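Next comes data27.txt, a file with compact mmCIF, C-alpha atoms.
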```txt
# COMPACT_ATOMS: atom_id res chain seq x y z
CA MET A 100 62.14 128.13 48.15
CA SER A 101 64.76 128.32 50.86
CA VAL A 102 64.27 126.52 54.16
CA ARG A 103 63.41 128.71 57.11
CA PRO A 104 66.09 129.09 59.77
CA PRO A 105 65.38 127.11 62.98
CA THR A 106 64.45 130.21 64.99
CA LEU A 107 61.66 131.06 62.55
CA ARG A 108 60.19 127.57 62.33
CA GLU A 109 57.13 126.76 64.41
CA LYS A 110 57.89 124.74 67.54
CA ARG A 111 56.61 121.19 67.51
CA ARG A 112 56.18 118.38 69.97
CA TYR A 113 56.01 114.65 69.37
CA ILE A 114 53.79 112.17 71.20
CA LEU A 115 54.63 108.48 71.36
CA VAL A 116 51.60 106.21 71.25
CA ARG A 117 51.29 102.44 71.46
CA ILE A 118 48.67 100.73 69.26
CA GLU A 119 46.48 98.12 70.87
CA PRO A 120 45.72 95.30 70.29
CA ALA A 121 49.30 94.28 69.62
CA GLY A 122 50.04 93.05 66.14
CA THR A 123 47.41 95.18 64.41
CA LEU A 124 48.52 96.10 60.90
CA LEU A 125 47.65 99.67 60.01
CA GLU A 126 48.64 102.12 57.34
CA GLN A 127 50.07 105.47 58.31
CA LYS A 128 47.63 107.40 56.14
CA GLU A 129 44.56 105.63 57.52
CA LEU A 130 45.71 106.22 61.08
CA TYR A 131 46.28 109.88 60.26
CA TYR A 132 42.70 110.19 59.03
CA ALA A 133 41.39 108.47 62.17
CA ILE A 134 43.34 110.85 64.43
CA LEU A 135 42.35 113.90 62.38
CA ASP A 136 38.69 112.84 62.52
CA ALA A 137 38.84 112.38 66.29
CA THR A 138 40.55 115.76 66.75
CA THR A 139 38.12 117.59 64.49
CA THR A 140 34.99 116.08 66.01
CA LEU A 141 36.17 116.81 69.54
CA TRP A 142 37.73 120.27 69.18
CA GLY A 143 36.33 121.61 65.92
CA ASP A 144 38.06 122.78 62.77
CA ALA A 145 39.61 125.92 64.24
CA THR A 146 41.37 124.15 67.12
CA ALA A 147 42.31 121.18 64.91
CA ALA A 148 44.03 123.66 62.58
CA ILE A 149 46.02 125.01 65.54
CA ILE A 150 46.94 121.52 66.75
CA THR A 151 47.89 120.36 63.22
CA PRO A 152 48.20 116.67 64.08
CA ALA A 153 50.36 114.53 61.81
CA VAL A 154 51.47 110.92 61.95
CA VAL A 155 55.20 111.06 61.33
CA ALA A 156 56.22 107.48 62.06
CA LEU A 157 54.57 104.10 62.44
CA GLU A 158 56.95 101.33 63.48
CA HIS A 159 57.12 98.37 65.90
CA GLY A 160 53.44 98.82 66.89
CA HIS A 161 54.09 102.41 67.96
CA VAL A 162 53.11 105.72 66.39
CA ILE A 163 54.75 109.11 66.70
CA VAL A 164 52.22 111.90 66.33
CA ARG A 165 53.36 115.46 65.78
CA CYS A 166 51.54 118.56 67.02
CA ARG A 167 52.25 122.22 67.66
CA ARG A 168 54.00 122.95 70.95
CA GLY A 169 51.48 123.82 73.68
CA THR A 170 48.69 121.69 72.21
CA GLU A 171 49.86 118.32 73.57
CA ARG A 172 47.04 118.19 76.12
CA GLU A 173 44.34 118.74 73.49
CA LEU A 174 45.89 116.18 71.17
CA SER A 175 46.26 113.58 73.92
CA ILE A 176 42.57 113.97 74.86
CA ALA A 177 41.63 113.60 71.19
CA LEU A 178 43.87 110.52 70.90
CA SER A 179 42.01 108.87 73.76
CA THR A 180 38.79 109.15 71.70
CA VAL A 181 40.22 107.22 68.74
CA THR A 182 38.38 103.90 68.75
CA ALA A 183 38.69 102.59 65.21
CA CYS A 184 40.85 102.83 62.14
CA ARG A 185 39.29 101.66 58.89
CA ASP A 186 36.97 98.98 60.31
CA LEU A 187 39.44 97.74 62.89
CA ARG A 188 38.85 98.44 66.55
CA ILE A 189 41.97 99.96 68.05
CA CYS A 190 43.02 101.87 71.11
CA LEU A 191 45.89 104.36 71.36
CA ARG A 192 47.81 104.38 74.63
CA ILE A 193 49.92 107.48 75.12
CA ILE A 194 53.39 106.70 76.44
CA ALA A 195 55.39 109.91 76.33
CA ALA A 196 55.79 113.34 74.77
CA SER A 197 59.06 114.86 73.68
CA GLY A 198 60.61 117.61 71.60
CA THR A 199 62.53 115.21 69.36
CA MET A 200 61.55 112.04 67.57
CA GLU A 201 64.87 110.42 68.35
CA SER A 202 64.33 110.42 72.11
CA LEU A 203 60.92 108.80 71.59
CA ARG A 204 62.37 106.18 69.25
CA SER A 205 64.85 105.15 71.93
CA ARG A 206 61.88 104.18 74.11
CA PHE A 207 60.55 101.43 71.89
CA ARG A 208 63.47 100.36 69.74
CA PRO A 209 64.83 96.98 70.81
CA LYS A 210 68.19 97.47 72.48
CA LYS A 211 71.13 95.82 70.76
CA LEU A 212 72.91 93.22 72.83
CA PRO A 213 76.70 93.55 73.02
CA LYS A 214 78.38 91.11 70.69
CA THR A 215 80.62 88.51 72.32
CA LYS A 216 83.30 87.08 70.11
CA SER A 217 83.73 83.33 70.45
CA VAL A 218 85.87 81.31 68.16
CA PRO A 219 84.40 77.85 67.57
CA GLY A 220 86.77 74.97 68.06
CA PRO A 221 87.49 72.43 65.36
CA ASP A 222 84.94 69.96 66.86
CA ALA A 223 82.17 72.51 67.25
CA VAL A 224 78.86 71.71 65.55
CA LEU A 225 76.91 74.59 64.05
CA GLN A 226 73.43 74.86 65.60
CA PRO A 227 70.52 76.43 63.72
CA GLU A 228 69.53 79.86 65.08
CA VAL A 229 66.56 79.76 67.43
CA PRO A 230 64.31 82.84 67.41
CA ALA A 231 64.28 84.75 70.69
CA THR A 232 61.29 83.92 72.87
CA GLY A 233 60.03 85.12 76.22
CA ALA A 234 58.25 88.12 77.73
CA GLY A 235 60.72 90.58 76.30
CA SER A 236 60.27 89.53 72.71
CA GLY A 237 56.50 89.46 72.92
CA THR A 238 56.16 85.93 71.64
CA GLU A 239 56.24 82.68 73.50
CA PRO A 240 55.93 79.11 72.36
CA VAL A 241 52.28 78.32 73.10
CA GLN A 242 49.69 75.86 71.96
CA GLN A 243 48.26 77.06 68.67
CA GLU A 244 44.74 76.05 69.55
CA CYS A 245 42.81 76.18 72.78
CA THR A 246 39.31 75.47 74.02
CA PHE A 247 37.21 78.16 75.58
CA ALA A 248 33.46 78.01 76.33
CA LYS A 249 33.27 74.72 74.39
CA LYS A 250 34.64 76.38 71.26
CA THR A 251 38.00 76.06 69.62
CA PHE A 252 40.13 79.16 69.36
CA VAL A 253 43.41 79.95 67.66
CA VAL A 254 46.03 81.79 69.66
CA LEU A 255 46.95 85.07 67.96
CA GLN A 256 49.25 86.67 70.46
CA CYS A 257 50.85 85.56 73.68
CA ASN A 258 52.84 87.91 75.85
CA SER A 259 53.66 86.82 79.43
CA GLN A 260 50.22 86.32 81.06
CA LYS A 261 48.21 87.84 78.21
CA VAL A 262 46.72 85.63 75.53
CA ASP A 263 44.69 86.93 72.58
CA VAL A 264 42.60 84.34 70.78
CA ILE A 265 40.24 84.25 67.84
CA GLU A 266 37.57 81.69 67.10
CA LYS A 267 38.54 79.03 64.63
CA GLY A 268 36.66 79.21 61.37
CA PHE A 269 35.44 82.13 59.35
CA LYS A 270 32.06 83.03 60.89
CA ASN A 271 33.08 84.82 64.07
CA THR A 272 36.35 86.69 63.84
CA ASN A 273 36.14 88.67 67.07
CA ARG A 274 39.25 88.73 69.17
CA LEU A 275 38.98 87.54 72.78
CA PHE A 276 41.37 88.80 75.44
CA LEU A 277 42.26 86.17 78.01
CA THR A 278 45.03 85.18 80.36
CA LYS A 279 46.92 81.93 80.71
CA ASP A 280 45.06 81.32 83.99
CA ASP A 281 41.75 81.51 82.12
CA LEU A 282 42.83 78.84 79.68
CA GLU A 283 44.08 76.61 82.49
CA ASP A 284 40.79 77.01 84.35
CA LEU A 285 38.66 76.50 81.29
CA ASN A 286 40.60 73.51 80.10
CA ALA A 287 40.14 71.93 83.52
CA THR A 288 37.18 69.68 84.18
CA THR A 289 35.66 71.96 86.79
CA ILE A 290 35.46 75.72 86.74
CA SER A 291 36.07 77.34 90.09
CA ASP A 292 33.72 80.09 91.23
CA ARG A 293 36.57 82.36 92.25
CA ILE A 294 38.36 84.77 89.90
CA MET B 142 41.94 105.99 98.48
CA LYS B 143 41.34 103.33 95.85
CA ILE B 144 41.18 104.40 92.24
CA THR B 145 38.23 102.53 90.82
CA ASP B 146 36.57 102.09 87.46
CA ALA B 147 32.92 101.88 88.48
CA ALA B 148 31.70 99.62 85.65
CA VAL B 149 33.33 97.08 83.37
CA TYR B 150 31.69 94.15 81.61
CA PRO B 151 33.83 91.02 81.38
CA TYR B 152 33.17 87.93 79.26
CA PRO B 153 30.45 86.88 78.25
CA LEU B 154 29.06 90.45 78.29
CA GLY B 155 32.30 91.70 76.78
CA ASP B 156 35.24 90.20 74.92
CA ALA B 157 37.81 90.11 77.73
CA SER B 158 37.96 87.87 80.76
CA VAL B 159 37.80 89.48 84.18
CA ARG B 160 41.39 88.45 84.85
CA ARG B 161 42.60 90.15 81.69
CA LEU B 162 40.58 93.27 82.53
CA ALA B 163 42.15 93.31 85.99
CA LEU B 164 45.61 92.87 84.50
CA GLU B 165 45.03 95.74 82.10
CA ALA B 166 43.45 97.92 84.80
CA ALA B 167 46.56 97.44 86.94
CA ALA B 168 48.74 98.56 84.03
CA LEU B 169 46.53 101.61 83.51
CA GLY B 170 46.80 102.73 87.13
CA PHE B 171 43.63 101.41 88.74
CA ASP B 172 43.45 99.78 92.17
CA SER B 173 40.02 98.22 91.75
CA ILE B 174 37.24 97.67 89.23
CA VAL B 175 33.53 96.96 89.55
CA ALA B 176 32.74 94.05 87.23
CA ALA B 177 29.18 93.14 86.32
CA ASP B 178 27.97 89.65 87.25
CA THR B 179 31.36 88.46 88.47
CA PRO B 180 32.42 87.09 91.85
CA SER B 181 34.63 89.34 93.96
CA GLY B 182 38.33 88.72 94.35
CA THR B 183 41.78 90.08 93.74
CA TYR B 184 43.89 89.52 90.66
CA ALA B 185 47.25 91.11 89.76
CA GLY B 186 46.89 93.39 92.77
CA VAL B 187 43.58 94.77 91.52
CA GLU B 188 40.50 94.29 93.65
CA VAL B 189 37.56 93.12 91.59
CA ARG B 190 34.24 94.10 93.17
CA SER B 191 31.11 92.32 92.15
CA GLY B 192 28.60 94.67 90.56
CA LEU B 193 24.87 94.37 90.05
CA MET B 194 23.37 96.62 87.39
CA ILE B 195 19.58 96.89 87.64
CA ARG B 196 17.75 98.30 84.65
CA ASP B 197 14.21 98.54 83.26
CA LEU B 198 12.49 97.38 86.45
CA PRO B 199 9.68 99.05 88.39
CA VAL B 200 10.49 100.38 91.88
CA LYS B 201 8.83 97.41 93.60
CA ASP B 202 11.07 94.93 91.79
CA VAL B 203 14.13 97.10 92.40
CA ILE B 204 13.42 96.97 96.16
CA SER B 205 13.11 93.18 96.17
CA THR B 206 16.23 92.74 94.00
CA VAL B 207 18.26 95.04 96.25
CA LYS B 208 17.04 93.19 99.36
CA ARG B 209 18.21 89.89 97.91
CA ALA B 210 21.58 91.24 96.75
CA LYS B 211 22.74 93.64 99.44
CA ASP B 212 23.99 90.97 101.86
CA PHE B 213 26.56 89.69 99.36
CA GLY B 214 28.67 92.87 99.40
CA ARG B 215 27.92 93.73 95.80
CA VAL B 216 28.01 97.22 94.38
CA ILE B 217 24.39 97.83 93.42
CA SER B 218 23.55 100.35 90.76
CA VAL B 219 20.26 101.28 89.15
CA ASN B 220 19.65 102.84 85.77
CA ALA B 221 18.00 106.24 86.03
CA SER B 222 14.58 106.92 84.61
CA ASN B 223 12.08 109.72 85.30
CA ASN B 224 12.25 112.01 88.32
CA ASN B 225 9.82 110.06 90.53
CA PHE B 226 11.64 106.81 89.87
CA ASN B 227 15.03 108.36 90.63
CA ARG B 228 13.84 109.86 93.92
CA ALA B 229 12.33 106.52 94.94
CA VAL B 230 15.48 104.61 94.02
CA ILE B 231 17.76 107.04 95.86
CA GLY B 232 15.66 106.44 98.97
CA ILE B 233 16.14 102.66 98.88
CA LYS B 234 18.67 101.45 101.40
CA GLY B 235 21.34 99.40 99.68
CA VAL B 236 21.45 101.23 96.34
CA HIS B 237 24.94 102.61 95.79
CA ILE B 238 25.00 104.20 92.34
CA LEU B 239 22.49 105.85 90.03
CA ARG B 240 23.58 105.31 86.42
CA GLY B 241 22.64 106.53 82.98
CA ILE B 242 21.48 109.96 84.09
CA GLN B 243 22.64 111.39 80.75
CA LEU B 244 20.11 109.23 78.91
CA ALA B 245 17.18 110.10 81.19
CA ASP B 246 14.99 113.12 80.54
CA LYS B 247 16.15 116.65 81.34
CA LEU B 248 14.32 116.99 84.66
CA ALA B 249 15.12 113.48 85.88
CA PHE B 250 17.74 114.64 88.35
CA ASP B 251 16.84 117.92 90.04
CA HIS B 252 17.98 119.68 93.22
CA VAL B 253 15.66 117.58 95.42
CA ALA B 254 17.10 114.34 94.04
CA ALA B 255 20.59 115.79 94.48
CA LYS B 256 19.90 116.60 98.15
CA MET B 257 18.49 113.10 98.69
CA ALA B 258 21.56 111.55 97.01
CA ALA B 259 23.84 113.53 99.30
CA ASP B 260 21.85 112.52 102.42
CA ASN B 261 21.65 108.83 101.48
CA ARG B 262 25.18 108.70 100.05
CA VAL B 263 24.08 107.45 96.65
CA ALA B 264 26.61 108.25 93.95
CA VAL B 265 25.78 109.52 90.47
CA ASP B 266 27.79 107.81 87.77
CA ILE B 267 29.54 109.63 84.95
CA ASP B 268 29.76 107.33 81.96
CA LEU B 269 32.86 108.22 79.96
CA SER B 270 32.06 105.76 77.16
CA LEU B 271 29.73 108.32 75.62
CA ILE B 272 32.47 110.94 75.50
CA ILE B 273 34.91 108.41 74.05
CA HIS B 274 32.71 106.65 71.50
CA ALA B 275 29.90 109.04 70.62
CA ARG B 276 30.23 111.84 68.13
CA SER B 277 28.46 115.16 67.41
CA VAL B 278 25.06 115.75 69.06
CA VAL B 279 25.08 112.71 71.34
CA ARG B 280 28.44 113.65 72.82
CA GLN B 281 27.48 117.30 73.11
CA ARG B 282 24.31 116.40 75.02
CA ALA B 283 26.21 114.06 77.34
CA ILE B 284 28.82 116.75 78.11
CA HIS B 285 26.07 119.25 78.80
CA ARG B 286 24.25 116.89 81.17
CA TYR B 287 27.43 116.04 83.05
CA MET B 288 28.23 119.73 83.48
CA ASP B 289 24.73 120.24 84.84
CA ILE B 290 25.16 117.34 87.28
CA LEU B 291 28.50 118.74 88.45
CA VAL B 292 26.85 122.07 89.26
CA LEU B 293 24.49 120.19 91.59
CA GLU B 294 27.39 118.13 92.95
CA GLN B 295 29.30 121.26 93.95
CA ARG B 296 26.21 122.60 95.71
CA PHE B 297 25.01 119.42 97.49
CA GLU B 298 28.22 117.36 97.58
CA PHE B 299 26.77 113.96 96.68
CA PRO B 300 29.33 111.31 95.66
CA VAL B 301 30.27 110.92 92.00
CA THR B 302 31.79 107.85 90.35
CA LEU B 303 33.57 107.52 87.02
CA SER B 304 33.19 104.52 84.76
CA THR B 305 34.37 103.55 81.30
CA HIS B 306 31.67 100.85 80.81
CA ALA B 307 34.38 98.85 79.08
CA ARG B 308 33.24 95.72 77.26
CA SER B 309 36.71 95.22 75.88
CA LEU B 310 40.29 95.98 76.77
CA LEU B 311 40.20 98.58 74.06
CA ASP B 312 37.52 100.54 75.92
CA LEU B 313 39.60 100.96 79.07
CA ARG B 314 41.46 104.25 79.50
CA ASN B 315 44.29 105.11 81.83
CA VAL B 316 43.93 107.49 84.74
CA ARG B 317 45.64 110.35 82.89
CA ASP B 318 43.31 109.95 79.90
CA ILE B 319 40.33 109.95 82.25
CA ALA B 320 41.55 113.17 83.84
CA GLY B 321 41.84 114.67 80.36
CA LEU B 322 38.38 113.53 79.33
CA CYS B 323 36.91 114.83 82.58
CA SER B 324 38.46 118.23 81.93
CA LEU B 325 35.98 118.47 79.03
CA ILE B 326 33.13 118.55 81.54
CA GLY B 327 34.84 121.01 83.83
CA MET B 328 36.39 118.64 86.38
CA ASP B 329 39.83 119.54 87.65
CA VAL B 330 42.36 117.01 88.98
CA PRO B 331 41.15 117.00 92.66
CA ASP B 332 37.57 116.46 91.42
CA VAL B 333 38.70 113.55 89.26
CA GLU B 334 40.64 112.00 92.13
CA ARG B 335 37.59 112.30 94.39
CA ALA B 336 35.35 110.78 91.73
CA LEU B 337 37.74 107.89 91.08
CA ALA B 338 37.68 107.17 94.80
CA GLY B 339 33.87 107.45 94.80
CA VAL B 340 33.14 103.72 94.99
CA GLY B 341 35.36 103.38 98.05
CA THR B 342 33.65 106.38 99.62
CA ILE B 343 30.12 105.03 99.27
CA LEU B 344 31.09 101.56 100.49
CA THR B 345 32.86 102.85 103.61
CA PRO B 346 30.40 103.17 106.50
CA LEU B 347 30.03 106.67 107.89
CA GLN B 348 31.72 107.28 111.21
CA PRO B 349 29.99 109.75 113.51
CA SER B 350 31.92 112.96 113.97
CA VAL B 351 31.02 112.95 117.70
CA GLN B 352 31.31 109.73 119.67
CA VAL B 353 29.44 109.35 122.97
CA ILE B 354 31.65 107.40 125.37
CA ALA B 355 29.45 107.25 128.47
```
Please re-express this file's structure in structure tokens.
Amino acid sequence: MSVRPPTLREKRRYILVRIEPAGTLLEQKELYYAILDATTTLWGDATAAIITPAVVALEHGHVIVRCRRGTERELSIALSTVTACRDLRICLRIIAASGTMESLRSRFRPKKLPKTKSVPGPDAVLQPEVPATGAGSGTEPVQQECTFAKKTFVVLQCNSQKVDVIEKGFKNTNRLFLTKDDLEDLNATTISDRI
Amino acid sequence: MKITDAAVYPYPLGDASVRRLALEAAALGFDSIVAADTPSGTYAGVEVRSGLMIRDLPVKDVISTVKRAKDFGRVISVNASNNNFNRAVIGIKGVHILRGIQLADKLAFDHVAAKMAADNRVAVDIDLSLIIHARSVVRQRAIHRYMDILVLEQRFEFPVTLSTHARSLLDLRNVRDIAGLCSLIGMDVPDVERALAGVGTILTPLQPSVQVIA
């Protein structure tokens, strides 16, 4: 079967979505079913068939969802009703919509730094490579354990002020969303009554 | 105009601290949030208002609770029940928001209650968590009730507030998503903007249109 010429193909739009909480591991197929379920329950089969949502890429914690041109509004409303994938609680934050995937990819791909050529001298000592840290990379060197409400938690994710923790052990595996200020306050001997 | 989420539940009621909720709310385009059982303050440029949610109490206890709480500048809201209860609660000075109208019976909020709400400047809350989380019949009923309330709102012009009832970061939605969800119940963008500013409206004292100088 020959491929249709571009003028006869149906026009599509792509929506870039960020998955929260950060670091959640999902499979493309499962996410597709979650989005399709949300679309169908909200708009019904007939409208879902017109929207034809499809997950076309899942990389770097972002998803690109495809839909028919003109149905972006309906799809974005349906995306805001996605609350779980498999048994994991997730939230999809819409970032942008575009006519090409490439322009959306440029929004979340890490930009390459320009290479600077430096020739080491004869006395130079080779240093081991240190992984990039800081707000831009999404990871910071933090304490691996912290105390909160008299319980010990393990730090899962730390990005600038935001700290995600999970209780140590295997009984309660709910994620808590805190800030660095919370941990400083709670590790202090007295808890202030202000925010 | 302050864009406000009229109900969030920080730790220990939810799984996020009030600071983290404020941080996230700022990123999602909110200027303030009403947090249950939390002291007021400002964090990351977001004003956190202390909220008191009263539920499952008889009118007499609601009056005494409101009397005790209204001097602390808290946003006081009461869960709706039957029609008589709602009318009585709307008449109490100090009550700001009537919540959970979608879960009350069909005749719980009629035109008389709507007129009273407009006169006493008591807002009716639209809980978006049902539209986000519920499916099938529950969501359909909620959408129908909200559409019914908005018919009364257009006639009597009582204040409306919007809330996500977020117990987690994952339950918060940005302002654009909220506008999209509200379009399901027939609210256009100016309506949504007015509703998001609803908490500010009910907390601002009314200024008389005519001022007597001498």
Can you find the residues with an atom no farther than 12 Å from (44.5, 84.9, 76.9), counting all atoms listed in the file, and report them as a PyMOL selection string?
(chain A and resi 241-247+252-265+274-285) or (chain B and resi 152+156-162+164+310)
Using all atoms listed in the file, which protein or nucleic acid residues come within 9 Å of Thr179 (chain B)? Drop anything in the same chain fewer than 3 positions from it, and give the result as number ranges by chain.
A: 293-294; B: 150-151, 159, 175-176, 189-193
Interface residues on chain B facing chain A, 8 Å, only C-alpha atoms, written as a VMD selection string
chain B and resid 156 to 161 180 to 184 272 to 274 276 to 277 309 to 312 314 318 321 to 322
Enclose all atoms of region 151-161 of chain A listed in the file in an axis-aligned box, grow every side by 8 Å, and hand back centre and edge lengths in Å to one decimal, as lines of an AutoDock Vina configuration file.
```
center_x = 52.5
center_y = 109.4
center_z = 64.6
size_x = 25.2
size_y = 38.0
size_z = 22.6
```
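Each of B:Arg240, B:Ile174, B:Leu269, B:Val207 was compared to Ile319 (chain B) using all atoms listed in the file, and B:Leu269 turns out to be the nearest.
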Contacts of Gly235 (chain B) at 8 Å or less, counting only C-alpha atoms, minus same-chain residues fewer than 2 places along, as a list in words?
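These residues fall inside the cut-off: Val207, Lys208, Lys211, Ile217, Ile233 and His237 of chain B.
Put simply, CA of Asn315 (chain B) is 24.1 Å away from CA of Glu294 (chain B).
Excluding region 248-251 of chain B and any residue on its chain fewer than 6 positions from it, the residues at most 12 Å away by only C-alpha atoms are Asn220, Ala221, Ser222, Asn223, Asn224, Asn225, Phe226, Asn227, Arg228, Ala229, Val230, Ile231, Leu239, Arg240, Gly241, Ile242, Met257, Ala258, Val265, Arg286, Tyr287, Asp289, Ile290, Leu291, Val292, Leu293, Glu294, Arg296 and Phe297 of chain B.
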Using C-alpha atoms, can you export the residues from the last selection as a PDB file, in the frame of the given file?
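Dumped to out-v4.pdb:
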```pdb
ATOM      1  CA  ASN B 220      19.650 102.840  85.770  1.00  0.00           C
ATOM      2  CA  ALA B 221      18.000 106.240  86.030  1.00  0.00           C
ATOM      3  CA  SER B 222      14.580 106.920  84.610  1.00  0.00           C
ATOM      4  CA  ASN B 223      12.080 109.720  85.300  1.00  0.00           C
ATOM      5  CA  ASN B 224      12.250 112.010  88.320  1.00  0.00           C
ATOM      6  CA  ASN B 225       9.820 110.060  90.530  1.00  0.00           C
ATOM      7  CA  PHE B 226      11.640 106.810  89.870  1.00  0.00           C
ATOM      8  CA  ASN B 227      15.030 108.360  90.630  1.00  0.00           C
ATOM      9  CA  ARG B 228      13.840 109.860  93.920  1.00  0.00           C
ATOM     10  CA  ALA B 229      12.330 106.520  94.940  1.00  0.00           C
ATOM     11  CA  VAL B 230      15.480 104.610  94.020  1.00  0.00           C
ATOM     12  CA  ILE B 231      17.760 107.040  95.860  1.00  0.00           C
ATOM     13  CA  LEU B 239      22.490 105.850  90.030  1.00  0.00           C
ATOM     14  CA  ARG B 240      23.580 105.310  86.420  1.00  0.00           C
ATOM     15  CA  GLY B 241      22.640 106.530  82.980  1.00  0.00           C
ATOM     16  CA  ILE B 242      21.480 109.960  84.090  1.00  0.00           C
ATOM     17  CA  MET B 257      18.490 113.100  98.690  1.00  0.00           C
ATOM     18  CA  ALA B 258      21.560 111.550  97.010  1.00  0.00           C
ATOM     19  CA  VAL B 265      25.780 109.520  90.470  1.00  0.00           C
ATOM     20  CA  ARG B 286      24.250 116.890  81.170  1.00  0.00           C
ATOM     21  CA  TYR B 287      27.430 116.040  83.050  1.00  0.00           C
ATOM     22  CA  ASP B 289      24.730 120.240  84.840  1.00  0.00           C
ATOM     23  CA  ILE B 290      25.160 117.340  87.280  1.00  0.00           C
ATOM     24  CA  LEU B 291      28.500 118.740  88.450  1.00  0.00           C
ATOM     25  CA  VAL B 292      26.850 122.070  89.260  1.00  0.00           C
ATOM     26  CA  LEU B 293      24.490 120.190  91.590  1.00  0.00           C
ATOM     27  CA  GLU B 294      27.390 118.130  92.950  1.00  0.00           C
ATOM     28  CA  ARG B 296      26.210 122.600  95.710  1.00  0.00           C
ATOM     29  CA  PHE B 297      25.010 119.420  97.490  1.00  0.00           C
TER      30      PHE B 297
END
```
Using Å and a single decimal, report how far CA of Ser350 (chain B) sits from CA of Ala147 (chain B).
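Computing it gives 27.8 Å between the two atoms.
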In Å, with one decimal, what is the gap from CA of Gly198 (chain A) to CA of Gly122 (chain A)?
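Rounded to one decimal, the two atoms are 27.3 Å apart.
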Can you list, as a list in words, every protein, DNA or RNA residue that comes within 9 Å of Ile134 (chain A) when you count only C-alpha atoms, leaving out same-chain residues fewer than 2 positions away?
Glu129, Leu130, Tyr131, Tyr132, Asp136, Ala137, Thr138, Thr139, Pro152, Ala153, Val154, Leu174, Ala177, Leu178, Thr180, Val181 and Cys184 of chain A
I need the residues from that last selection saved to file as an mmCIF file, in the frame of the given file (with C-alpha atoms), if you can.
```
data_model
loop_
_atom_site.group_PDB
_atom_site.id
_atom_site.type_symbol
_atom_site.label_atom_id
_atom_site.label_comp_id
_atom_site.auth_asym_id
_atom_site.auth_seq_id
_atom_site.Cartn_x
_atom_site.Cartn_y
_atom_site.Cartn_z
ATOM 1 C CA GLU A 129 44.560 105.630 57.520
ATOM 2 C CA LEU A 130 45.710 106.220 61.080
ATOM 3 C CA TYR A 131 46.280 109.880 60.260
ATOM 4 C CA TYR A 132 42.700 110.190 59.030
ATOM 5 C CA ASP A 136 38.690 112.840 62.520
ATOM 6 C CA ALA A 137 38.840 112.380 66.290
ATOM 7 C CA THR A 138 40.550 115.760 66.750
ATOM 8 C CA THR A 139 38.120 117.590 64.490
ATOM 9 C CA PRO A 152 48.200 116.670 64.080
ATOM 10 C CA ALA A 153 50.360 114.530 61.810
ATOM 11 C CA VAL A 154 51.470 110.920 61.950
ATOM 12 C CA LEU A 174 45.890 116.180 71.170
ATOM 13 C CA ALA A 177 41.630 113.600 71.190
ATOM 14 C CA LEU A 178 43.870 110.520 70.900
ATOM 15 C CA THR A 180 38.790 109.150 71.700
ATOM 16 C CA VAL A 181 40.220 107.220 68.740
ATOM 17 C CA CYS A 184 40.850 102.830 62.140
#
```
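Closest approach to Val155 (chain A) among A:Lys128, A:Lys210, A:Arg168, A:Arg185 is made by A:Lys128 (distances from all atoms listed in the file).
The shortest atom-to-atom distance to Lys256 (chain B), with only C-alpha atoms taken into account, belongs to B:Pro300 out of B:Val219, B:Pro300, B:Leu271, B:Lys234.
Taking all atoms listed in the file into account, Ile194 (chain A) lies nearest to B:Arg317 out of the set B:Arg308, B:Arg335, B:His285, B:Arg317.
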Taking (42.6, 98.1, 94.6) in the file's own coordinates, collect the residues within 9 Å, counting all atoms listed in the file, and hand them back as number ranges by chain.
B: 142-145, 167, 171-174, 183, 186-189
Find the residue from A:Lys270, A:Arg103, A:Lys249, A:Arg112 that sits nearest to Glu171 (chain A); use only C-alpha atoms when measuring.
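Using only C-alpha atoms, the shortest distance to Glu171 (chain A) belongs to A:Arg112.
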Some atoms are absent from region 142-147 of chain A, so rebuild N, CA, C and O atoms and return them as a PDB file, in the coordinates of the input.
```pdb
ATOM      1  N   TRP A 142      37.328 118.875  68.949  1.00  0.00           N
ATOM      2  CA  TRP A 142      37.730 120.270  69.180  1.00  0.00           C
ATOM      3  C   TRP A 142      37.242 121.234  68.107  1.00  0.00           C
ATOM      4  O   TRP A 142      37.371 122.447  68.286  1.00  0.00           O
ATOM      5  N   GLY A 143      36.777 120.714  66.993  1.00  0.00           N
ATOM      6  CA  GLY A 143      36.330 121.610  65.920  1.00  0.00           C
ATOM      7  C   GLY A 143      37.461 121.927  64.959  1.00  0.00           C
ATOM      8  O   GLY A 143      38.627 121.688  65.253  1.00  0.00           O
ATOM      9  N   ASP A 144      37.072 122.511  63.823  1.00  0.00           N
ATOM     10  CA  ASP A 144      38.060 122.780  62.770  1.00  0.00           C
ATOM     11  C   ASP A 144      39.113 123.792  63.193  1.00  0.00           C
ATOM     12  O   ASP A 144      40.295 123.619  62.893  1.00  0.00           O
ATOM     13  N   ALA A 145      38.682 124.833  63.889  1.00  0.00           N
ATOM     14  CA  ALA A 145      39.610 125.920  64.240  1.00  0.00           C
ATOM     15  C   ALA A 145      40.728 125.406  65.147  1.00  0.00           C
ATOM     16  O   ALA A 145      41.913 125.666  64.893  1.00  0.00           O
ATOM     17  N   THR A 146      40.350 124.660  66.190  1.00  0.00           N
ATOM     18  CA  THR A 146      41.370 124.150  67.120  1.00  0.00           C
ATOM     19  C   THR A 146      42.208 123.057  66.458  1.00  0.00           C
ATOM     20  O   THR A 146      43.412 122.976  66.705  1.00  0.00           O
ATOM     21  N   ALA A 147      41.556 122.236  65.612  1.00  0.00           N
ATOM     22  CA  ALA A 147      42.310 121.180  64.910  1.00  0.00           C
ATOM     23  C   ALA A 147      43.375 121.804  64.005  1.00  0.00           C
ATOM     24  O   ALA A 147      44.474 121.263  63.862  1.00  0.00           O
TER      25      ALA A 147
END
```
